[in-house]
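The next block is query.cif, given as mmCIF, C-alpha atoms.
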data_my_file
#
loop_
_atom_site.group_PDB
_atom_site.id
_atom_site.type_symbol
_atom_site.label_atom_id
_atom_site.label_comp_id
_atom_site.auth_asym_id
_atom_site.auth_seq_id
_atom_site.Cartn_x
_atom_site.Cartn_y
_atom_site.Cartn_z
ATOM 1 C CA MET U 1 5.031 3.104 -12.022
ATOM 2 C CA ARG U 2 8.684 2.754 -12.932
ATOM 3 C CA ASN U 3 9.738 -0.092 -15.223
ATOM 4 C CA ARG U 4 11.996 -2.092 -12.884
ATOM 5 C CA ALA U 5 12.797 -5.770 -12.436
ATOM 6 C CA LYS U 6 15.225 -8.017 -10.568
ATOM 7 C CA CYS U 7 16.938 -11.211 -11.689
ATOM 8 C CA LYS U 8 16.767 -13.939 -9.049
ATOM 9 C CA LEU U 9 19.964 -15.518 -10.405
ATOM 10 C CA CYS U 10 22.445 -12.622 -10.479
ATOM 11 C CA LYS U 11 20.420 -10.303 -8.150
ATOM 12 C CA LYS U 12 20.816 -7.410 -10.641
ATOM 13 C CA ILE U 13 18.086 -4.738 -10.510
ATOM 14 C CA LEU U 14 17.207 -3.309 -13.924
ATOM 15 C CA GLU U 15 15.376 -0.128 -14.862
ATOM 16 C CA SER U 16 14.248 1.011 -18.305
ATOM 17 C CA PHE U 17 13.919 4.786 -18.460
ATOM 18 C CA HIS U 18 12.458 5.435 -21.913
ATOM 19 C CA GLU U 19 10.630 3.701 -24.744
ATOM 20 C CA PHE U 20 13.789 2.476 -26.528
ATOM 21 C CA ASP U 21 15.875 1.708 -23.423
ATOM 22 C CA TYR U 22 16.546 -2.073 -23.542
ATOM 23 C CA VAL U 23 18.484 -3.404 -20.531
ATOM 24 C CA SER U 24 19.529 -6.930 -19.527
ATOM 25 C CA CYS U 25 20.861 -8.387 -16.324
ATOM 26 C CA GLU U 26 24.500 -9.445 -16.005
ATOM 27 C CA CYS U 27 23.778 -13.150 -16.559
ATOM 28 C CA GLY U 28 21.411 -12.529 -19.510
ATOM 29 C CA GLU U 29 18.448 -14.262 -17.847
ATOM 30 C CA ILE U 30 16.015 -11.306 -17.918
ATOM 31 C CA SER U 31 15.583 -8.061 -19.862
ATOM 32 C CA ILE U 32 13.180 -5.128 -19.820
ATOM 33 C CA SER U 33 12.473 -2.250 -22.166
ATOM 34 C CA GLY U 34 9.910 0.392 -22.992
ATOM 35 C CA GLY U 35 10.392 2.719 -20.038
ATOM 36 C CA GLN U 36 7.078 3.754 -18.501
ATOM 37 C CA GLN U 37 5.424 3.771 -21.917
ATOM 38 C CA LYS U 38 5.456 0.037 -22.715
ATOM 39 C CA LEU U 39 6.722 -2.022 -19.727
ATOM 40 C CA GLU U 40 8.051 -4.845 -21.930
ATOM 41 C CA VAL U 41 9.697 -7.823 -20.219
ATOM 42 C CA PHE U 42 11.709 -10.794 -21.461
ATOM 43 C CA ALA U 43 13.052 -13.850 -19.641
ATOM 44 C CA LYS U 44 14.585 -17.191 -20.465
ATOM 45 C CA ASP U 45 12.593 -18.526 -17.497
ATOM 46 C CA PHE U 46 10.097 -16.257 -15.728
ATOM 47 C CA VAL U 47 10.706 -18.156 -12.480
ATOM 48 C CA ASN U 48 13.823 -15.962 -12.237
ATOM 49 C CA PHE U 49 11.952 -12.678 -12.879
ATOM 50 C CA LEU U 50 10.741 -10.309 -10.132
ATOM 51 C CA ARG U 51 8.999 -6.984 -10.675
ATOM 52 C CA ILE U 52 10.236 -4.144 -8.417
ATOM 53 C CA ASP U 53 7.601 -1.561 -7.515
ATOM 54 C CA ASP U 54 8.193 2.111 -6.694
ATOM 55 C CA GLY U 55 8.501 1.235 -3.002
ATOM 56 C CA ASP U 56 11.366 -1.215 -3.754
ATOM 57 C CA ASN U 57 9.140 -4.216 -2.978
ATOM 58 C CA GLU U 58 9.775 -7.421 -4.921
ATOM 59 C CA ILE U 59 6.663 -8.742 -6.642
ATOM 60 C CA GLY U 60 6.491 -12.228 -8.098
ATOM 61 C CA VAL U 61 4.896 -12.562 -11.507
ATOM 62 C CA ILE U 62 2.302 -15.066 -12.627
ATOM 63 C CA VAL U 63 2.854 -16.411 -16.118
ATOM 64 C CA LYS U 64 -0.253 -17.517 -17.946
ATOM 65 C CA SER U 65 -0.527 -19.164 -21.311
ATOM 66 C CA SER U 66 -1.784 -16.983 -24.129
ATOM 67 C CA ASN U 67 -5.248 -18.577 -24.044
ATOM 68 C CA GLU U 68 -5.808 -17.655 -20.379
ATOM 69 C CA ASP U 69 -7.228 -14.313 -19.295
ATOM 70 C CA ALA U 70 -4.374 -11.967 -18.449
ATOM 71 C CA VAL U 71 -5.772 -10.590 -15.201
ATOM 72 C CA PRO U 72 -3.064 -9.108 -12.962
ATOM 73 C CA SER U 73 -2.915 -10.185 -9.360
ATOM 74 C CA TYR U 74 -0.817 -9.198 -6.384
ATOM 75 C CA GLU U 75 1.492 -11.940 -5.104
ATOM 76 C CA GLY U 76 3.488 -9.839 -2.645
ATOM 77 C CA PRO U 77 3.508 -9.979 1.141
ATOM 78 C CA LYS U 78 0.217 -9.687 3.040
ATOM 79 C CA LEU U 79 -0.289 -6.069 4.006
ATOM 80 C CA SER U 80 -2.231 -4.678 6.942
ATOM 81 C CA LYS U 81 -5.079 -2.193 6.468
ATOM 82 C CA ALA U 82 -2.821 0.566 7.811
ATOM 83 C CA GLN U 83 -0.067 -0.336 5.330
ATOM 84 C CA MET U 84 -2.525 -0.336 2.419
ATOM 85 C CA LEU U 85 -3.962 3.018 3.452
ATOM 86 C CA GLU U 86 -0.414 4.394 3.749
ATOM 87 C CA MET U 87 0.373 3.108 0.238
ATOM 88 C CA LEU U 88 -2.747 4.801 -1.090
ATOM 89 C CA THR U 89 -1.822 8.059 0.672
ATOM 90 C CA GLU U 90 1.738 7.930 -0.692
ATOM 91 C CA MET U 91 0.428 7.227 -4.197
ATOM 92 C CA ARG U 92 -1.879 10.245 -3.968
ATOM 93 C CA LYS U 93 0.898 12.483 -2.634
ATOM 94 C CA SER U 94 3.288 11.433 -5.380
ATOM 95 C CA TYR U 95 0.715 12.434 -7.998
ATOM 96 C CA GLU U 96 -0.048 15.714 -6.227
ATOM 97 C CA ASN U 97 3.667 16.584 -6.246
ATOM 98 C CA LEU U 98 4.050 16.187 -9.998
ATOM 99 C CA PRO U 99 4.855 19.312 -12.017
ATOM 100 C CA LYS U 100 1.791 21.108 -13.399
ATOM 101 C CA ASN U 101 2.488 19.973 -16.978
ATOM 102 C CA ALA U 102 2.717 16.326 -15.827
ATOM 103 C CA MET U 103 -0.681 16.569 -14.168
ATOM 104 C CA HIS U 104 -2.222 16.862 -17.637
ATOM 105 C CA THR U 105 -0.545 13.796 -19.141
ATOM 106 C CA PRO U 106 -2.511 10.552 -19.287
ATOM 107 C CA ILE U 107 -1.788 7.808 -16.790
ATOM 108 C CA THR U 108 -0.774 4.389 -18.037
ATOM 109 C CA HIS U 109 -2.832 1.277 -17.660
ATOM 110 C CA CYS U 110 -0.124 -0.007 -15.308
ATOM 111 C CA ASP U 111 -0.761 2.977 -13.025
ATOM 112 C CA LEU U 112 -4.482 2.287 -13.128
ATOM 113 C CA VAL U 113 -4.092 -1.453 -12.480
ATOM 114 C CA SER U 114 -1.752 -0.753 -9.542
ATOM 115 C CA LEU U 115 -4.365 1.513 -7.993
ATOM 116 C CA MET U 116 -7.173 -0.977 -8.598
ATOM 117 C CA LEU U 117 -5.161 -3.846 -7.054
ATOM 118 C CA LEU U 118 -4.501 -1.750 -3.962
ATOM 119 C CA LEU U 119 -8.138 -0.678 -3.641
ATOM 120 C CA GLU U 120 -9.341 -4.246 -4.201
ATOM 121 C CA ALA U 121 -7.056 -5.568 -1.441
ATOM 122 C CA LEU U 122 -8.134 -2.790 0.904
ATOM 123 C CA LEU U 123 -11.833 -3.396 0.290
ATOM 124 C CA LYS U 124 -11.417 -7.158 0.779
ATOM 125 C CA GLU U 125 -9.891 -6.441 4.193
ATOM 126 C CA LEU U 126 -12.814 -4.189 5.122
ATOM 127 C CA LEU U 127 -15.523 -6.703 4.169
#
Re-express the file's structure as structure tokens.
Amino acid sequence: MRNRAKCKLCKKILESFHEFDYVSCECGEISISGGQQKLEVFAKDFVNFLRIDDGDNEIGVIVKSSNEDAVPSYEGPKLSKAQMLEMLTEMRKSYENLPKNAMHTPITHCDLVSLMLLLEALLKELL
């Protein structure tokens, strides 16, 4: 998963490409850093922060206080079973098309959580 975000105020889309790549939007409301290694985010007000997934979908974030369990959840548009299966197929194909050396690198927890969220949504639709 790429480290991308969008500011709701200035509409700027940000992307951090490597661990020490710190980028801010034009109005200074949000910032991201860490590339795919850390996925660090900063905001003056997280109401103005949107995550952008690899399919260019805008995903709202849920901010929890530090004493709450930090369990990710999907707040995007409701997807059909066919759309979820297509997402899963595209995810698999993107991994299959990686160079051979990349196939032996570990996945991030963000990659794993993204897959689990998709599978959870798909299974909920099937039950």
Report task. Given the file shown, enumerate the residues that the PyMOL selection byres ((chain U and resi 36) around 10) captures and present them as a count of residues only. Result -> 20
Report task. Within 10 Å of Leu122 (chain U), counting all atoms listed in the file, which residues show up once you throw out same-chain ones fewer than 2 positions away? Write them as a list in words, please. Result ->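 Returned residues: Leu79, Ser80, Lys81, Ala82, Gln83, Met84, Leu85, Leu88, Met116, Leu117, Leu118, Leu119, Glu120, Lys124, Glu125, Leu126 and Leu127 of chain U.
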Give me the result of the PyMOL selection byres ((chain U and resi 29) around 8) on this file, residue by residue, as a PDB file with C-alpha atoms, in the frame of the given file.
ATOM      1  CA  CYS U   7      16.938 -11.211 -11.689  1.00  0.00           C
ATOM      2  CA  LEU U   9      19.964 -15.518 -10.405  1.00  0.00           C
ATOM      3  CA  SER U  24      19.529  -6.930 -19.527  1.00  0.00           C
ATOM      4  CA  CYS U  25      20.861  -8.387 -16.324  1.00  0.00           C
ATOM      5  CA  GLU U  26      24.500  -9.445 -16.005  1.00  0.00           C
ATOM      6  CA  CYS U  27      23.778 -13.150 -16.559  1.00  0.00           C
ATOM      7  CA  GLY U  28      21.411 -12.529 -19.510  1.00  0.00           C
ATOM      8  CA  ILE U  30      16.015 -11.306 -17.918  1.00  0.00           C
ATOM      9  CA  SER U  31      15.583  -8.061 -19.862  1.00  0.00           C
ATOM     10  CA  ALA U  43      13.052 -13.850 -19.641  1.00  0.00           C
ATOM     11  CA  LYS U  44      14.585 -17.191 -20.465  1.00  0.00           C
ATOM     12  CA  ASP U  45      12.593 -18.526 -17.497  1.00  0.00           C
ATOM     13  CA  ASN U  48      13.823 -15.962 -12.237  1.00  0.00           C
TER      14      ASN U  48
END
Query - Point-to-point distance from CA of Val23 (chain U) to CA of Asn57 (chain U), Å rounded to tenths - result: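 Separation of CA of Val23 (chain U) and CA of Asn57 (chain U): 19.9 Å.
Here CA of Val47 (chain U) and CA of Ile62 (chain U) stand 9.0 Å from one another.
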**Report entry** Separation of CA of Ile59 (chain U) from CA of Thr105 (chain U) in Å
**Finding:** 26.8 Å
Centre and edge lengths, as lines of an AutoDock Vina configuration file, for the axis-aligned box enclosing every listed atom of region 99-116 of chain U with 8 Å of padding on each of the six sides, in Å to one decimal?
center_x = -1.2
center_y = 9.8
center_z = -13.6
size_x = 28.0
size_y = 38.6
size_z = 27.3
Query - Nearest to Ala121 (chain U) by atom-to-atom distance, counting only C-alpha atoms, from U:His109, U:Glu58, U:Asp21, U:Lys78 - result: U:Lys78
Report task. Find the residue from U:Ala102, U:Leu123, U:Val113, U:Leu14 that sits nearest to Asp56 (chain U); use only C-alpha atoms when measuring. Result ->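 For Asp56 (chain U), the nearest of the given residues is U:Leu14.
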Complete the atoms of region 77-88 of chain U to N, CA and C atoms and put them out as a PDB file, in the coordinates of the input.
ATOM      1  N   PRO U  77       3.807  -9.666  -0.258  1.00  0.00           N
ATOM      2  CA  PRO U  77       3.508  -9.979   1.141  1.00  0.00           C
ATOM      3  C   PRO U  77       2.136  -9.453   1.542  1.00  0.00           C
ATOM      4  N   LYS U  78       1.518 -10.120   2.512  1.00  0.00           N
ATOM      5  CA  LYS U  78       0.217  -9.687   3.040  1.00  0.00           C
ATOM      6  C   LYS U  78       0.407  -8.368   3.775  1.00  0.00           C
ATOM      7  N   LEU U  79      -0.396  -7.396   3.409  1.00  0.00           N
ATOM      8  CA  LEU U  79      -0.289  -6.069   4.006  1.00  0.00           C
ATOM      9  C   LEU U  79      -1.444  -5.832   4.973  1.00  0.00           C
ATOM     10  N   SER U  80      -1.179  -5.052   6.000  1.00  0.00           N
ATOM     11  CA  SER U  80      -2.231  -4.678   6.942  1.00  0.00           C
ATOM     12  C   SER U  80      -3.069  -3.552   6.333  1.00  0.00           C
ATOM     13  N   LYS U  81      -4.226  -3.294   6.933  1.00  0.00           N
ATOM     14  CA  LYS U  81      -5.079  -2.193   6.468  1.00  0.00           C
ATOM     15  C   LYS U  81      -4.323  -0.868   6.548  1.00  0.00           C
ATOM     16  N   ALA U  82      -3.579  -0.676   7.631  1.00  0.00           N
ATOM     17  CA  ALA U  82      -2.821   0.566   7.811  1.00  0.00           C
ATOM     18  C   ALA U  82      -1.752   0.713   6.718  1.00  0.00           C
ATOM     19  N   GLN U  83      -1.091  -0.393   6.383  1.00  0.00           N
ATOM     20  CA  GLN U  83      -0.067  -0.336   5.330  1.00  0.00           C
ATOM     21  C   GLN U  83      -0.694  -0.012   3.976  1.00  0.00           C
ATOM     22  N   MET U  84      -1.858  -0.613   3.689  1.00  0.00           N
ATOM     23  CA  MET U  84      -2.525  -0.336   2.419  1.00  0.00           C
ATOM     24  C   MET U  84      -2.994   1.112   2.342  1.00  0.00           C
ATOM     25  N   LEU U  85      -3.543   1.615   3.438  1.00  0.00           N
ATOM     26  CA  LEU U  85      -3.962   3.018   3.452  1.00  0.00           C
ATOM     27  C   LEU U  85      -2.757   3.946   3.279  1.00  0.00           C
ATOM     28  N   GLU U  86      -1.633   3.600   3.894  1.00  0.00           N
ATOM     29  CA  GLU U  86      -0.414   4.394   3.749  1.00  0.00           C
ATOM     30  C   GLU U  86       0.064   4.368   2.300  1.00  0.00           C
ATOM     31  N   MET U  87      -0.008   3.201   1.651  1.00  0.00           N
ATOM     32  CA  MET U  87       0.373   3.108   0.238  1.00  0.00           C
ATOM     33  C   MET U  87      -0.508   4.001  -0.614  1.00  0.00           C
ATOM     34  N   LEU U  88      -1.802   3.975  -0.340  1.00  0.00           N
ATOM     35  CA  LEU U  88      -2.747   4.801  -1.090  1.00  0.00           C
ATOM     36  C   LEU U  88      -2.454   6.282  -0.873  1.00  0.00           C
TER      37      LEU U  88
END
